[in-house]
Amino acid sequence: MEQTKTKLWNKDFTILTIGQMISLIANGILRFALPLHIFLMSGSAELMGRVLALSLIPMAILSPLGGALADRLNKKWIIVFLDFLTAVIILLYLWTLGSLSIVPFTTIALILFSSIKAVMSSTTDACIPFIVPTDELVSANSVNMIVTNLSMLLGPALGGVLLAGFGLEAILIVSGICLILATIMELFLKIPNIKQKSSGNMVKDVLKDMGDCLHFALRKKPIIAKILLIIATTQFTAASIAIGVPVLILQNLGMDERMLGISTGLSAIGGIGGGIMAGILGQKLKIQQSYWTLITKALCIFSLGLVFFLPTPGFLAYSIITASMFVMFGASTIFSIQVAVFVQRSTPTELLGKMMGLIMLVALMALPLGSWGYGFLFEYFGEDPWIILFPAAFLMIIVSLWSMIYFKGLLPESDTDNISDNHQ
């Protein structure tokens, strides 16, 4: 791929970053508030977990398809269309609010929002190598993760405040306005569009592309297959936090949704810190050291279990939960950047969108299973959550040790070797 950009903060990367921040804030508000609205109405953690799981399954299925489309279609117009489509769905949801049953209609809305986010994420990740210099990939991915975590900070915080103070209608209006602004800004993007050979049958081409992507991951670069296995396991375990924290704060500690929104939002600052740290480390950030981030995540989950295993005052328990999430988000961000940069450097240009979609597919196939499973566990063992959290931490430690043993055998220059393989 011919690189024409000479600096990180060029016009296109700046527009993409700001547009995605606005779009992700809106998405974060919706994805936080809608499941929480169901939980508050029903009082059922199992129902919330089931709804989250159902919303993530189509997202998982569409991730590789989105990556394939990103490689074959104009990336700019995919981004513009998806943000506009989300705004239209919000308008329809607002129009039908109160006239249809809330649980099935909210589930459908979440399915659509999650599906759009899947295609959008694959497309955005595939855009980065086209609009920034190769030696700025770590910094660009760090910025991308900072934006993602900033949206996770503002999204839940705004979602909790708006839901508690003004209701669901205010959330839909604010999100819709954000998405319209993002759509207008993204119209000014210029992203190179490299055309690929076509048989004239889009379905056939996309299926072939996905097959080529799997062959590359399993045969040509089997290290990517190992990374996918690690991602699947860690995402499954991370569902214990996604489902557990709302239950722990709202049910076990008896706090309101504002406190949950503040905790979730503050924890995203840890993700921002992780992105900043990754940007500072730059080229020193290697896949070989990724096991440290996984061990850190395991210790964070263990600390949550310890809070409810030992007698702990309510506010102290809340503080430990928030601090653990802060650290866990930072570690997760660094791990995500390590993986993204490695894959972007290792994967041929024509497969990049599909590979990012495959990574998201694996992550999202594990997350709904974890959401459903942990939702069931918290429904029946919610009064003693350490029964759930200690085994989850143990599973994460096993994955950490396995990754340490496997990646330790890689040469430090392997990243550079992969880059050269990419251009042979």
# chains A, B, ... in the order shown; residues from 1 in each chain; ligands from 1
$ residues_around --residues "stretch 106-121 of chain A" --least-positions-apart "5" --cutoff "9 Å" --atoms "only C-alpha atoms" --output "ChimeraX atom specification"
/A:24,27,30-31,34-35,38,51-52,54-67,69-70,78-79,82-83,85-86,89-90,93,101,126,356-357,360-361
$ residues_around --residues "stretch 312-318 of chain A" --least-positions-apart "3" --cutoff "10 Å" --atoms "only C-alpha atoms" --output "MDAnalysis selection string"
chainID A and resid 245 248:249 252:255 259:260 263 304 306:309 321:324
$ select_by_dssp --residues "stretch 247-402 of chain A" --states "alpha helix (DSSP H)" --output "MDAnalysis selection string"
chainID A and resid 247 257:281 291:309 314:346 352:381 386:402
$ residues_around --residues "A:Ser336" --least-positions-apart "6" --cutoff "12 Å" --atoms "only C-alpha atoms" --output "ChimeraX atom specification"
/A:125,138,141-142,144-146,148-149,227-228,230-231,234-235,271,274-275,278,285-287,290,293-294,329-330,342-343,356,359-360,363
$ atom_distance --atom1 "atom CA of A:Pro192" --atom2 "atom CA of A:Lys76"
9.0 Å
$ atom_distance --atom1 "atom CA of A:Val247" --atom2 "atom CA of A:Phe394"
21.0 Å
$ closest_residue --among "A:Ser151, A:Gln338, A:Thr123, A:Thr134" --to "A:Ile18" --atoms "only C-alpha atoms"
A:Ser151
$ closest_residue --among "A:Val327, A:Leu179, A:Ala68, A:Val161" --to "A:Leu207" --atoms "only C-alpha atoms"
A:Ala68
$ residues_around --residues "A:Ser403" --least-positions-apart "3" --cutoff "8 Å" --atoms "only C-alpha atoms" --output "NGL selection string"
:A and (230 or 290-291 or 399-400 or 406-407)
$ residues_around --residues "A:Trp292" --least-positions-apart "2" --cutoff "9 Å" --atoms "only C-alpha atoms" --output "VMD selection string"
chain A and resid 289 to 290 294 to 297 331 335 400 404
$ residues_around --residues "A:Ala33" --least-positions-apart "4" --cutoff "8 Å" --atoms "only C-alpha atoms" --output "PyMOL selection string"
chain A and resi 29+37+156+159-160+163+168+171
$ atom_distance --atom1 "atom CA of A:Thr237" --atom2 "atom CA of A:Leu367"
8.2 Å
$ decode --residues "stretch 318-368 of chain A" --atoms "N, CA and C atoms" --output "short mmCIF file (atom, residue, chain, number, x, y, z; two decimals), in the first residue's frame"
data_model
loop_
_atom_site.label_atom_id
_atom_site.label_comp_id
_atom_site.auth_asym_id
_atom_site.auth_seq_id
_atom_site.Cartn_x
_atom_site.Cartn_y
_atom_site.Cartn_z
N TYR A 318 -17.91 0.05 46.85
CA TYR A 318 -18.14 0.80 45.61
C TYR A 318 -16.82 1.37 45.06
N SER A 319 -15.99 1.90 45.94
CA SER A 319 -14.71 2.49 45.53
C SER A 319 -13.77 1.43 44.96
N ILE A 320 -13.74 0.25 45.58
CA ILE A 320 -12.88 -0.83 45.09
C ILE A 320 -13.36 -1.33 43.73
N ILE A 321 -14.67 -1.46 43.58
CA ILE A 321 -15.22 -1.87 42.28
C ILE A 321 -14.81 -0.89 41.20
N THR A 322 -14.99 0.41 41.47
CA THR A 322 -14.65 1.43 40.48
C THR A 322 -13.17 1.44 40.18
N ALA A 323 -12.32 1.33 41.22
CA ALA A 323 -10.87 1.32 41.01
C ALA A 323 -10.44 0.09 40.21
N SER A 324 -11.04 -1.06 40.49
CA SER A 324 -10.70 -2.28 39.76
C SER A 324 -11.08 -2.16 38.29
N MET A 325 -12.25 -1.59 38.04
CA MET A 325 -12.67 -1.37 36.66
C MET A 325 -11.76 -0.37 35.96
N PHE A 326 -11.31 0.64 36.69
CA PHE A 326 -10.37 1.63 36.14
C PHE A 326 -9.12 0.94 35.62
N VAL A 327 -8.52 0.11 36.46
CA VAL A 327 -7.29 -0.60 36.08
C VAL A 327 -7.57 -1.60 34.96
N MET A 328 -8.69 -2.30 35.04
CA MET A 328 -9.02 -3.31 34.05
C MET A 328 -9.23 -2.69 32.67
N PHE A 329 -9.89 -1.55 32.62
CA PHE A 329 -10.09 -0.87 31.34
C PHE A 329 -8.76 -0.43 30.74
N GLY A 330 -7.84 0.04 31.59
CA GLY A 330 -6.53 0.43 31.10
C GLY A 330 -5.78 -0.74 30.50
N ALA A 331 -5.80 -1.87 31.22
CA ALA A 331 -5.13 -3.08 30.72
C ALA A 331 -5.76 -3.58 29.42
N SER A 332 -7.09 -3.53 29.37
CA SER A 332 -7.80 -3.99 28.17
C SER A 332 -7.46 -3.13 26.96
N THR A 333 -7.33 -1.82 27.19
CA THR A 333 -6.99 -0.91 26.10
C THR A 333 -5.60 -1.21 25.55
N ILE A 334 -4.65 -1.39 26.44
CA ILE A 334 -3.28 -1.70 25.99
C ILE A 334 -3.25 -3.00 25.22
N PHE A 335 -3.96 -4.01 25.72
CA PHE A 335 -4.01 -5.30 25.01
C PHE A 335 -4.63 -5.14 23.63
N SER A 336 -5.72 -4.37 23.53
CA SER A 336 -6.39 -4.16 22.25
C SER A 336 -5.47 -3.46 21.26
N ILE A 337 -4.69 -2.50 21.72
CA ILE A 337 -3.76 -1.79 20.84
C ILE A 337 -2.65 -2.72 20.39
N GLN A 338 -2.13 -3.53 21.29
CA GLN A 338 -1.10 -4.50 20.92
C GLN A 338 -1.59 -5.41 19.80
N VAL A 339 -2.81 -5.91 19.96
CA VAL A 339 -3.38 -6.81 18.96
C VAL A 339 -3.63 -6.07 17.64
N ALA A 340 -4.24 -4.88 17.71
CA ALA A 340 -4.60 -4.14 16.50
C ALA A 340 -3.36 -3.79 15.68
N VAL A 341 -2.32 -3.28 16.33
CA VAL A 341 -1.10 -2.91 15.60
C VAL A 341 -0.43 -4.13 15.00
N PHE A 342 -0.37 -5.22 15.76
CA PHE A 342 0.24 -6.44 15.24
C PHE A 342 -0.49 -6.94 14.00
N VAL A 343 -1.82 -6.95 14.06
CA VAL A 343 -2.62 -7.44 12.93
C VAL A 343 -2.51 -6.48 11.74
N GLN A 344 -2.55 -5.18 11.99
CA GLN A 344 -2.44 -4.22 10.88
C GLN A 344 -1.10 -4.33 10.17
N ARG A 345 -0.05 -4.64 10.92
CA ARG A 345 1.28 -4.78 10.31
C ARG A 345 1.46 -6.14 9.64
N SER A 346 0.72 -7.13 10.11
CA SER A 346 0.92 -8.50 9.64
C SER A 346 0.02 -8.88 8.47
N THR A 347 -1.03 -8.12 8.24
CA THR A 347 -2.06 -8.52 7.29
C THR A 347 -1.95 -7.74 5.98
N PRO A 348 -2.04 -8.42 4.84
CA PRO A 348 -2.05 -7.71 3.55
C PRO A 348 -3.21 -6.72 3.48
N THR A 349 -3.01 -5.65 2.73
CA THR A 349 -4.00 -4.58 2.64
C THR A 349 -5.37 -5.08 2.24
N GLU A 350 -5.41 -6.00 1.26
CA GLU A 350 -6.70 -6.46 0.74
C GLU A 350 -7.47 -7.33 1.72
N LEU A 351 -6.81 -7.76 2.81
CA LEU A 351 -7.48 -8.59 3.82
C LEU A 351 -7.69 -7.86 5.14
N LEU A 352 -7.25 -6.60 5.22
CA LEU A 352 -7.21 -5.92 6.51
C LEU A 352 -8.59 -5.75 7.13
N GLY A 353 -9.56 -5.24 6.34
CA GLY A 353 -10.91 -5.04 6.88
C GLY A 353 -11.52 -6.35 7.34
N LYS A 354 -11.33 -7.39 6.55
CA LYS A 354 -11.89 -8.70 6.90
C LYS A 354 -11.24 -9.26 8.16
N MET A 355 -9.92 -9.03 8.31
CA MET A 355 -9.24 -9.53 9.50
C MET A 355 -9.71 -8.82 10.76
N MET A 356 -9.91 -7.51 10.67
CA MET A 356 -10.44 -6.78 11.83
C MET A 356 -11.86 -7.24 12.15
N GLY A 357 -12.62 -7.55 11.09
CA GLY A 357 -13.95 -8.09 11.30
C GLY A 357 -13.92 -9.47 11.94
N LEU A 358 -12.93 -10.29 11.55
CA LEU A 358 -12.81 -11.63 12.14
C LEU A 358 -12.47 -11.54 13.62
N ILE A 359 -11.60 -10.61 13.98
CA ILE A 359 -11.26 -10.42 15.39
C ILE A 359 -12.51 -10.03 16.19
N MET A 360 -13.29 -9.12 15.62
CA MET A 360 -14.52 -8.70 16.30
C MET A 360 -15.52 -9.85 16.38
N LEU A 361 -15.58 -10.66 15.32
CA LEU A 361 -16.48 -11.82 15.33
C LEU A 361 -16.16 -12.74 16.50
N VAL A 362 -14.88 -13.07 16.66
CA VAL A 362 -14.48 -13.97 17.74
C VAL A 362 -14.80 -13.36 19.10
N ALA A 363 -14.50 -12.06 19.25
CA ALA A 363 -14.78 -11.39 20.52
C ALA A 363 -16.27 -11.38 20.82
N LEU A 364 -17.07 -11.13 19.80
CA LEU A 364 -18.50 -10.97 20.02
C LEU A 364 -19.24 -12.30 20.08
N MET A 365 -18.65 -13.37 19.55
CA MET A 365 -19.25 -14.68 19.74
C MET A 365 -19.10 -15.14 21.18
N ALA A 366 -17.97 -14.74 21.79
CA ALA A 366 -17.72 -15.13 23.19
C ALA A 366 -18.52 -14.27 24.15
N LEU A 367 -18.68 -12.98 23.84
CA LEU A 367 -19.33 -12.07 24.77
C LEU A 367 -20.80 -12.39 25.04
N PRO A 368 -21.63 -12.69 23.99
CA PRO A 368 -23.02 -13.03 24.30
C PRO A 368 -23.15 -14.32 25.09
#
